[in-house]
file final_5.cif (mmCIF, C-alpha atoms)
data_query
#
loop_
_atom_site.label_atom_id
_atom_site.label_comp_id
_atom_site.auth_asym_id
_atom_site.auth_seq_id
_atom_site.Cartn_x
_atom_site.Cartn_y
_atom_site.Cartn_z
CA MET A 81 -42.82 -23.82 3.59
CA ASN A 82 -43.34 -26.18 0.65
CA THR A 83 -39.60 -26.59 0.23
CA PHE A 84 -39.55 -28.37 3.59
CA PHE A 85 -41.61 -31.39 2.59
CA LEU A 86 -38.97 -33.69 1.16
CA SER A 87 -41.32 -36.68 1.07
CA LYS A 88 -45.05 -37.25 1.40
CA ILE A 89 -44.89 -37.69 5.17
CA GLU A 90 -46.93 -34.92 6.75
CA VAL A 91 -46.42 -33.61 10.23
CA GLY A 92 -48.77 -31.01 11.62
CA SER A 93 -51.74 -31.31 9.30
CA HIS A 94 -54.95 -31.57 11.27
CA LEU A 95 -58.67 -31.90 10.79
CA ASN A 96 -59.54 -28.58 12.38
CA ILE A 97 -63.00 -28.13 13.87
CA TYR A 98 -63.56 -24.40 14.36
CA LEU A 99 -65.68 -23.24 17.29
CA THR A 100 -64.86 -19.54 16.93
CA ASP A 101 -62.25 -17.72 14.86
CA THR A 102 -59.50 -18.35 17.37
CA LEU A 103 -60.67 -21.52 19.13
CA HIS A 104 -60.48 -24.85 17.35
CA PHE A 105 -60.17 -28.56 18.06
CA HIS A 106 -57.92 -31.06 16.35
CA GLY A 107 -60.68 -33.31 15.07
CA GLU A 108 -58.69 -36.51 14.61
CA THR A 109 -57.31 -36.34 18.15
CA VAL A 110 -60.78 -35.80 19.62
CA ILE A 111 -62.27 -38.67 17.61
CA VAL A 112 -59.58 -41.21 18.46
CA SER A 113 -59.33 -40.25 22.15
CA THR A 114 -63.12 -40.50 22.51
CA PHE A 115 -62.90 -43.91 20.90
CA VAL A 116 -60.13 -44.94 23.31
CA VAL A 117 -62.10 -43.73 26.34
CA LEU A 118 -65.22 -45.60 25.17
CA VAL A 119 -63.31 -48.84 24.58
CA LEU A 120 -61.56 -48.58 27.95
CA SER A 121 -64.84 -47.90 29.77
CA LEU A 122 -66.51 -50.84 28.04
CA PHE A 123 -63.57 -53.10 28.86
CA LEU A 124 -63.46 -52.07 32.52
CA THR A 125 -67.24 -52.44 32.91
CA LEU A 126 -66.99 -55.93 31.43
CA THR A 127 -64.16 -56.92 33.74
CA THR A 128 -65.70 -55.54 36.93
CA SER A 129 -69.36 -56.46 36.46
CA ASN A 130 -70.47 -59.81 37.87
CA LEU A 131 -67.56 -60.29 40.28
CA ASN A 132 -67.07 -63.79 41.66
CA ARG A 133 -64.97 -65.35 44.40
CA ILE A 134 -63.56 -67.66 41.73
CA PRO A 135 -62.68 -65.34 38.79
CA THR A 136 -63.60 -66.12 35.21
CA THR A 137 -61.77 -64.96 32.05
CA PHE A 138 -62.66 -61.27 32.06
CA GLN A 139 -62.28 -60.85 35.79
CA ASN A 140 -58.84 -62.49 35.59
CA VAL A 141 -57.65 -59.85 33.11
CA GLY A 142 -59.07 -57.08 35.29
CA GLU A 143 -57.37 -58.43 38.38
CA VAL A 144 -54.00 -58.67 36.63
CA LEU A 145 -54.36 -55.05 35.50
CA TYR A 146 -55.38 -53.93 38.98
CA GLU A 147 -52.42 -55.71 40.58
CA PHE A 148 -50.08 -54.09 38.08
CA VAL A 149 -51.20 -50.47 38.60
CA LYS A 150 -51.37 -51.12 42.35
CA SER A 151 -47.74 -52.27 42.32
CA ILE A 152 -46.74 -49.07 40.46
CA ALA A 153 -48.51 -46.90 43.02
CA ILE A 154 -47.38 -48.84 46.06
CA THR A 155 -43.67 -48.91 45.19
CA GLN A 156 -43.61 -45.12 44.78
CA LEU A 157 -46.11 -43.86 47.33
CA GLY A 158 -45.87 -46.44 50.10
CA PRO A 159 -48.68 -48.46 51.67
CA SER A 160 -50.27 -45.62 53.67
CA TYR A 161 -50.88 -43.09 50.87
CA TYR A 162 -51.33 -45.15 47.72
CA THR A 163 -55.11 -45.62 47.93
CA GLN A 164 -55.79 -41.89 47.47
CA PHE A 165 -53.78 -41.65 44.26
CA LEU A 166 -54.39 -45.07 42.76
CA PRO A 167 -57.39 -43.88 40.67
CA PHE A 168 -55.37 -41.05 39.13
CA ILE A 169 -52.31 -43.17 38.39
CA SER A 170 -54.29 -46.06 36.96
CA THR A 171 -56.36 -43.72 34.79
CA ILE A 172 -53.21 -42.13 33.38
CA PHE A 173 -51.64 -45.53 32.77
CA LEU A 174 -54.70 -46.97 31.03
CA PHE A 175 -55.35 -43.89 28.89
CA VAL A 176 -51.74 -43.57 27.73
CA LEU A 177 -51.45 -47.30 27.05
CA GLY A 178 -54.81 -47.39 25.29
CA SER A 179 -54.12 -44.42 23.07
CA ASN A 180 -50.58 -45.54 22.17
CA TRP A 181 -51.79 -48.99 21.21
CA ALA A 182 -54.86 -47.64 19.44
CA GLY A 183 -52.54 -45.69 17.17
CA ALA A 184 -50.29 -48.68 16.55
CA LEU A 185 -52.76 -51.56 16.27
CA ILE A 186 -55.80 -50.18 14.44
CA PRO A 187 -55.41 -49.57 10.68
CA TRP A 188 -56.66 -45.98 10.71
CA LYS A 189 -55.50 -45.52 7.12
CA THR A 190 -58.69 -47.24 5.95
CA PHE A 191 -60.84 -44.38 7.27
CA GLU A 192 -60.59 -41.36 5.00
CA ILE A 193 -61.03 -37.94 6.58
CA PRO A 194 -60.88 -34.55 4.80
CA SER A 195 -57.43 -33.53 6.06
CA GLY A 196 -54.80 -34.99 8.34
CA GLU A 197 -55.12 -38.64 9.31
CA LEU A 198 -56.39 -40.58 12.30
CA SER A 199 -53.62 -41.81 14.59
CA ALA A 200 -52.70 -42.11 18.26
CA PRO A 201 -54.06 -39.21 20.36
CA THR A 202 -50.66 -39.00 22.08
CA ASN A 203 -49.28 -38.12 18.65
CA ASP A 204 -50.68 -34.62 19.28
CA ILE A 205 -48.63 -32.48 21.65
CA ASN A 206 -51.82 -30.98 23.13
CA THR A 207 -52.91 -34.33 24.57
CA THR A 208 -49.57 -35.02 26.23
CA ALA A 209 -49.33 -31.42 27.48
CA CYS A 210 -52.76 -31.82 29.05
CA LEU A 211 -51.72 -35.06 30.77
CA ALA A 212 -48.50 -33.49 32.04
CA LEU A 213 -50.33 -30.41 33.38
CA LEU A 214 -52.85 -32.69 35.10
CA THR A 215 -49.94 -34.45 36.77
CA SER A 216 -48.38 -31.24 38.06
CA PHE A 217 -51.79 -29.94 39.20
CA THR A 218 -52.28 -33.21 41.09
CA TYR A 219 -49.00 -33.03 42.93
CA PHE A 220 -49.60 -29.40 43.89
CA SER A 221 -53.01 -30.18 45.31
CA ALA A 222 -51.76 -33.37 46.98
CA GLY A 223 -49.04 -31.34 48.69
CA PHE A 224 -51.53 -28.70 49.87
CA ARG A 225 -54.07 -31.24 51.05
CA ILE A 226 -51.60 -33.37 53.00
CA LYS A 227 -49.08 -30.82 54.26
CA GLY A 228 -51.06 -27.57 54.29
CA LEU A 229 -48.93 -24.44 54.03
CA GLY A 230 -45.91 -26.43 55.16
CA TYR A 231 -45.83 -27.52 51.53
CA PHE A 232 -43.76 -24.43 50.69
CA LYS A 233 -40.94 -25.61 52.94
CA ARG A 234 -40.10 -28.01 50.12
CA TYR A 235 -38.75 -25.13 48.04
CA ILE A 236 -36.01 -24.27 50.54
CA LYS A 237 -35.42 -27.86 51.55
CA PRO A 238 -31.68 -28.57 51.31
CA SER A 239 -30.84 -24.86 51.71
CA VAL A 240 -32.26 -21.43 50.83
CA PHE A 241 -30.10 -20.70 47.79
CA LEU A 242 -31.59 -23.68 45.94
CA LEU A 243 -34.92 -21.82 45.78
CA PRO A 244 -34.65 -20.80 42.09
CA ILE A 245 -33.71 -24.32 41.03
CA ASN A 246 -36.64 -25.77 42.95
CA ILE A 247 -39.02 -23.31 41.29
CA ILE A 248 -37.61 -24.05 37.82
CA GLU A 249 -38.07 -27.76 38.55
CA ASP A 250 -41.83 -27.24 38.81
CA PHE A 251 -41.81 -26.10 35.18
CA THR A 252 -39.34 -28.63 33.80
CA LYS A 253 -41.19 -31.62 35.26
CA PRO A 254 -44.34 -31.24 33.13
CA LEU A 255 -42.22 -30.13 30.15
CA SER A 256 -40.08 -33.26 30.21
CA LEU A 257 -43.11 -35.53 30.78
CA ASN A 258 -44.78 -33.88 27.82
CA PHE A 259 -41.84 -34.11 25.41
CA ARG A 260 -40.92 -37.65 26.44
CA LEU A 261 -44.31 -39.12 25.60
CA PHE A 262 -44.95 -36.95 22.51
CA GLY A 263 -41.46 -37.46 21.08
CA ASN A 264 -41.47 -41.21 21.56
CA ILE A 265 -44.81 -41.72 19.83
CA VAL A 266 -43.99 -39.34 16.97
CA ALA A 267 -40.59 -40.98 16.55
CA ASP A 268 -42.21 -44.42 16.33
CA GLU A 269 -44.73 -43.33 13.74
CA LEU A 270 -42.14 -41.42 11.70
CA THR A 271 -39.76 -44.38 11.68
CA VAL A 272 -42.52 -46.71 10.54
CA SER A 273 -43.77 -44.36 7.83
CA VAL A 274 -40.26 -43.63 6.50
CA LEU A 275 -39.52 -47.37 6.36
CA CYS A 276 -42.87 -48.00 4.70
CA SER A 277 -42.11 -45.43 2.03
CA LEU A 278 -38.75 -47.13 1.38
CA VAL A 279 -39.72 -50.82 1.64
CA PRO A 280 -43.46 -51.35 1.97
CA LEU A 281 -43.30 -55.11 2.64
CA ILE A 282 -42.25 -57.16 5.69
CA ILE A 283 -39.23 -55.00 6.69
CA PRO A 284 -41.26 -52.49 8.79
CA ILE A 285 -42.95 -55.24 10.85
CA PRO A 286 -40.14 -55.72 13.43
CA ILE A 287 -39.98 -51.94 13.85
CA MET A 288 -43.74 -51.89 14.42
CA VAL A 289 -43.42 -54.59 17.09
CA LEU A 290 -40.60 -52.63 18.71
CA GLY A 291 -42.83 -49.54 18.63
CA LEU A 292 -45.64 -51.46 20.32
CA PHE A 293 -43.24 -52.51 23.06
CA ALA A 294 -41.76 -49.02 23.45
CA SER A 295 -45.17 -47.39 23.70
CA SER A 296 -46.24 -49.72 26.51
CA ILE A 297 -42.98 -48.87 28.31
CA GLN A 298 -43.82 -45.18 27.84
CA ALA A 299 -47.19 -45.68 29.54
CA LEU A 300 -45.43 -47.41 32.42
CA ILE A 301 -42.88 -44.59 32.66
CA PHE A 302 -45.47 -41.82 32.55
CA SER A 303 -47.49 -43.33 35.40
CA THR A 304 -44.38 -44.22 37.43
CA LEU A 305 -43.07 -40.67 37.12
CA ALA A 306 -46.46 -39.19 38.05
CA ALA A 307 -46.49 -41.37 41.16
CA ALA A 308 -42.87 -40.46 41.94
CA TYR A 309 -43.58 -36.72 41.68
CA ILE A 310 -46.56 -37.04 44.03
CA ALA A 311 -44.48 -39.12 46.44
CA GLU A 312 -41.70 -36.52 46.40
CA VAL A 313 -44.18 -33.84 47.48
CA ILE A 314 -45.96 -35.72 50.27
CA GLU A 315 -43.04 -37.57 51.81
CA MET B 71 -33.07 -15.91 -0.81
CA VAL B 72 -33.26 -15.42 2.94
CA ASP B 73 -35.86 -18.20 3.13
CA SER B 74 -33.65 -20.72 1.37
CA LEU B 75 -30.74 -19.76 3.62
CA ILE B 76 -32.93 -20.39 6.66
CA ALA B 77 -34.09 -23.68 5.15
CA ALA B 78 -30.51 -24.88 4.60
CA ALA B 79 -29.45 -23.79 8.08
CA SER B 80 -32.48 -25.52 9.60
CA VAL B 81 -31.74 -28.82 7.89
CA ILE B 82 -28.13 -28.74 9.08
CA ALA B 83 -29.24 -27.74 12.57
CA ALA B 84 -31.76 -30.60 12.68
CA ALA B 85 -29.07 -33.09 11.69
CA ILE B 86 -26.72 -31.71 14.34
CA ALA B 87 -29.46 -31.79 17.00
CA VAL B 88 -30.25 -35.46 16.49
CA GLY B 89 -26.63 -36.44 15.92
CA PHE B 90 -25.24 -34.91 19.08
CA ALA B 91 -28.25 -35.93 21.15
CA GLY B 92 -27.52 -39.52 20.16
CA ILE B 93 -23.96 -39.60 21.53
CA GLY B 94 -24.59 -39.32 25.26
CA PRO B 95 -27.47 -41.77 25.58
CA GLY B 96 -25.57 -44.18 23.31
CA ILE B 97 -22.63 -44.27 25.70
CA GLY B 98 -24.99 -44.43 28.68
CA GLN B 99 -27.03 -47.30 27.29
CA GLY B 100 -23.88 -49.20 26.42
CA ASN B 101 -22.62 -48.79 29.98
CA ALA B 102 -25.96 -49.81 31.47
CA ALA B 103 -26.27 -52.88 29.26
CA GLY B 104 -22.71 -53.94 30.05
CA GLN B 105 -23.28 -53.63 33.78
CA ALA B 106 -26.56 -55.51 33.49
CA VAL B 107 -24.89 -58.40 31.66
CA GLU B 108 -22.23 -58.47 34.36
CA GLY B 109 -24.92 -58.54 37.02
CA ILE B 110 -26.78 -61.37 35.32
CA ALA B 111 -23.57 -63.36 34.89
CA ARG B 112 -22.79 -62.99 38.56
CA GLN B 113 -26.33 -63.67 39.74
CA PRO B 114 -28.43 -65.45 37.10
CA GLU B 115 -31.44 -65.82 39.43
CA ALA B 116 -31.91 -62.01 39.53
CA GLU B 117 -32.35 -61.83 35.74
CA GLY B 118 -36.00 -60.80 35.77
CA LYS B 119 -35.50 -57.91 38.15
CA ILE B 120 -32.38 -56.69 36.34
CA ARG B 121 -34.15 -56.81 32.99
CA GLY B 122 -37.06 -54.75 34.28
CA THR B 123 -34.84 -52.07 35.76
CA LEU B 124 -32.66 -52.04 32.63
CA LEU B 125 -35.62 -51.48 30.30
CA LEU B 126 -36.98 -48.70 32.49
CA SER B 127 -33.63 -46.90 32.59
CA PHE B 128 -33.20 -47.43 28.85
CA ALA B 129 -36.44 -45.58 28.28
CA PHE B 130 -35.22 -42.72 30.45
CA MET B 131 -31.97 -42.45 28.50
CA GLU B 132 -33.79 -42.67 25.19
CA ALA B 133 -35.91 -39.69 26.25
CA LEU B 134 -32.78 -37.50 26.00
CA THR B 135 -32.32 -38.40 22.34
CA ILE B 136 -36.02 -37.82 21.84
CA TYR B 137 -35.63 -34.24 23.08
CA GLY B 138 -33.11 -33.67 20.30
CA LEU B 139 -35.52 -35.29 17.87
CA VAL B 140 -38.33 -32.96 18.98
CA VAL B 141 -36.08 -29.97 18.30
CA ALA B 142 -35.14 -31.40 14.89
CA LEU B 143 -38.78 -32.07 13.99
CA SER B 144 -39.86 -28.60 14.97
CA LEU B 145 -37.04 -27.18 12.83
CA LEU B 146 -38.05 -29.29 9.84
CA PHE B 147 -41.84 -29.24 9.98
CA ALA B 148 -42.90 -26.32 12.18
CA ASN B 149 -40.02 -23.90 11.66
CA PRO B 150 -40.65 -20.71 13.65
CA PHE B 151 -38.19 -18.70 11.55
CA VAL B 152 -39.88 -19.20 8.17
CA GLY B 153 -42.50 -16.54 7.66
#

call {"tool": "encode", "arguments": {"input": "final_5.cif", "output": "structure tokens"}}
result
Amino acid sequence: MNTFFLSKIEVGSHLNIYLTDTLHFHGETVIVSTFVVLVLSLFLTLTTSNLNRIPTTFQNVGEVLYEFVKSIAITQLGPSYYTQFLPFISTIFLFVLGSNWAGALIPWKTFEIPSGELSAPTNDINTTACLALLTSFTYFSAGFRIKGLGYFKRYIKPSVFLLPINIIEDFTKPLSLNFRLFGNIVADELTVSVLCSLVPLIIPIPIMVLGLFASSIQALIFSTLAAAYIAEVIE
Amino acid sequence: MVDSLIAAASVIAAAIAVGFAGIGPGIGQGNAAGQAVEGIARQPEAEGKIRGTLLLSFAFMEALTIYGLVVALSLLFANPFVG
């Protein structure tokens, strides 16, 4: 395998925390995602505590965020169903946005850990796979809860011979969600680190800004697609 | 010997994966951007809406190249064929 590492950029080295012989965590992902969740909880508690009729600074930010995720949910799900799924969609949006930006904005290089390095939790395919599986689990249960057993009519919707394609679609949806988010974040970080190894000054900064922009778009896309998949099932 | 053959083939395959995956989305993004400019020129007041939709569809098209990149990365860094 050593012949494969053409430069010092490492992909796939982790800080493994072993629970048993076969079960282990990726330590850096767990650390950074816990950090992201803590920061998000703190931020949301700050913005929603002490609510006033005339909003102050923190409440303003919270209201802008709320309006934004509400507009995502309402355009996909329609005004009668969006309230049930707004918590899920806004959680996904905030977590993906928070973890993408945590990887891009915080200089994790300054914290030394035994192996691997701290970076965005979405840089690990397990995180994105988990988010994608959560999405598909949500749309299954939404379909069952709202339509009952009539949910299965969806599989023979245009006509019966499309059944295999409809079944395959249930597997490709989480797969494409997973690869889209994972690939975009890894591509950003690889581009930045390759450029940094070539020209360490100034040149990588525009690429970093572009990466920041692209990762916020990815959060928007992930939550929009989750909402669209749910809407497709319950329509 | 076999390992180095697999390594060489993997590097070429990774290059081909990214290269070909870049063609389609490139054409698509060019088309989309051209149409968007046309739309803005015809109706400058709709610029904000057009820009939002354009960026969203750009990200969708870029995802296709990213799939190729994921294949290339797995060939280079997590090759399943090297023992």

call {"tool": "resolve_selection", "arguments": {"input": "final_5.cif", "expression": "the PyMOL selection byres ((chain B) within 10 of (chain A))", "output": "MDAnalysis selection string"}}
result
chainID B and resid 73:74 77:78 80:81 125:130 132:141 143:149 152:153

call {"tool": "resolve_selection", "arguments": {"input": "final_5.cif", "expression": "the PyMOL selection byres ((chain A and resi 124-131) around 12)", "output": "JSON list (two decimals) with C-alpha atoms, in the coordinates of the input"}}
result
[["chain", "number", "residue", "atom", "x", "y", "z"],
["A", 117, "VAL", "CA", -62.10, -43.73, 26.34],
["A", 118, "LEU", "CA", -65.22, -45.60, 25.17],
["A", 119, "VAL", "CA", -63.31, -48.84, 24.58],
["A", 120, "LEU", "CA", -61.56, -48.58, 27.95],
["A", 121, "SER", "CA", -64.84, -47.90, 29.77],
["A", 122, "LEU", "CA", -66.51, -50.84, 28.04],
["A", 123, "PHE", "CA", -63.57, -53.10, 28.86],
["A", 132, "ASN", "CA", -67.07, -63.79, 41.66],
["A", 133, "ARG", "CA", -64.97, -65.35, 44.40],
["A", 134, "ILE", "CA", -63.56, -67.66, 41.73],
["A", 135, "PRO", "CA", -62.68, -65.34, 38.79],
["A", 136, "THR", "CA", -63.60, -66.12, 35.21],
["A", 137, "THR", "CA", -61.77, -64.96, 32.05],
["A", 138, "PHE", "CA", -62.66, -61.27, 32.06],
["A", 139, "GLN", "CA", -62.28, -60.85, 35.79],
["A", 140, "ASN", "CA", -58.84, -62.49, 35.59],
["A", 141, "VAL", "CA", -57.65, -59.85, 33.11],
["A", 142, "GLY", "CA", -59.07, -57.08, 35.29],
["A", 143, "GLU", "CA", -57.37, -58.43, 38.38],
["A", 144, "VAL", "CA", -54.00, -58.67, 36.63],
["A", 145, "LEU", "CA", -54.36, -55.05, 35.50],
["A", 146, "TYR", "CA", -55.38, -53.93, 38.98],
["A", 170, "SER", "CA", -54.29, -46.06, 36.96],
["A", 171, "THR", "CA", -56.36, -43.72, 34.79],
["A", 174, "LEU", "CA", -54.70, -46.97, 31.03]]

call {"tool": "closest_residue", "arguments": {"input": "final_5.cif", "among": "A:Asn203, A:Thr190, A:Asn180, A:Ser151", "to": "Glu108 in chain A", "atoms": "only C-alpha atoms"}}
result
A:Asn203

call {"tool": "residues_around", "arguments": {"input": "final_5.cif", "residues": "Gln105 in chain B", "least_positions_apart": "6", "cutoff": "10 Å", "atoms": "only C-alpha atoms", "output": "VMD selection string"}}
result
chain B and resid 99 111 120 124

call {"tool": "atom_distance", "arguments": {"input": "final_5.cif", "atom1": "CA of Thr207 in chain A", "atom2": "CA of Val176 in chain A"}}
result
9.8 Å

call {"tool": "residues_near_point", "arguments": {"input": "final_5.cif", "point": "(-48.8, -27.2, 40.4)", "cutoff": "12 Å", "atoms": "only C-alpha atoms", "output": "number ranges by chain"}}
result
A: 212-224, 231-232, 247-254, 309-310, 313

call {"tool": "atom_distance", "arguments": {"input": "final_5.cif", "atom1": "CA of Thr208 in chain A", "atom2": "CA of His106 in chain A"}}
result
13.5 Å

call {"tool": "resolve_selection", "arguments": {"input": "final_5.cif", "expression": "the PyMOL selection byres ((chain A and resi 198) around 6)", "output": "PyMOL selection string"}}
result
chain A and resi 108+188+197+199
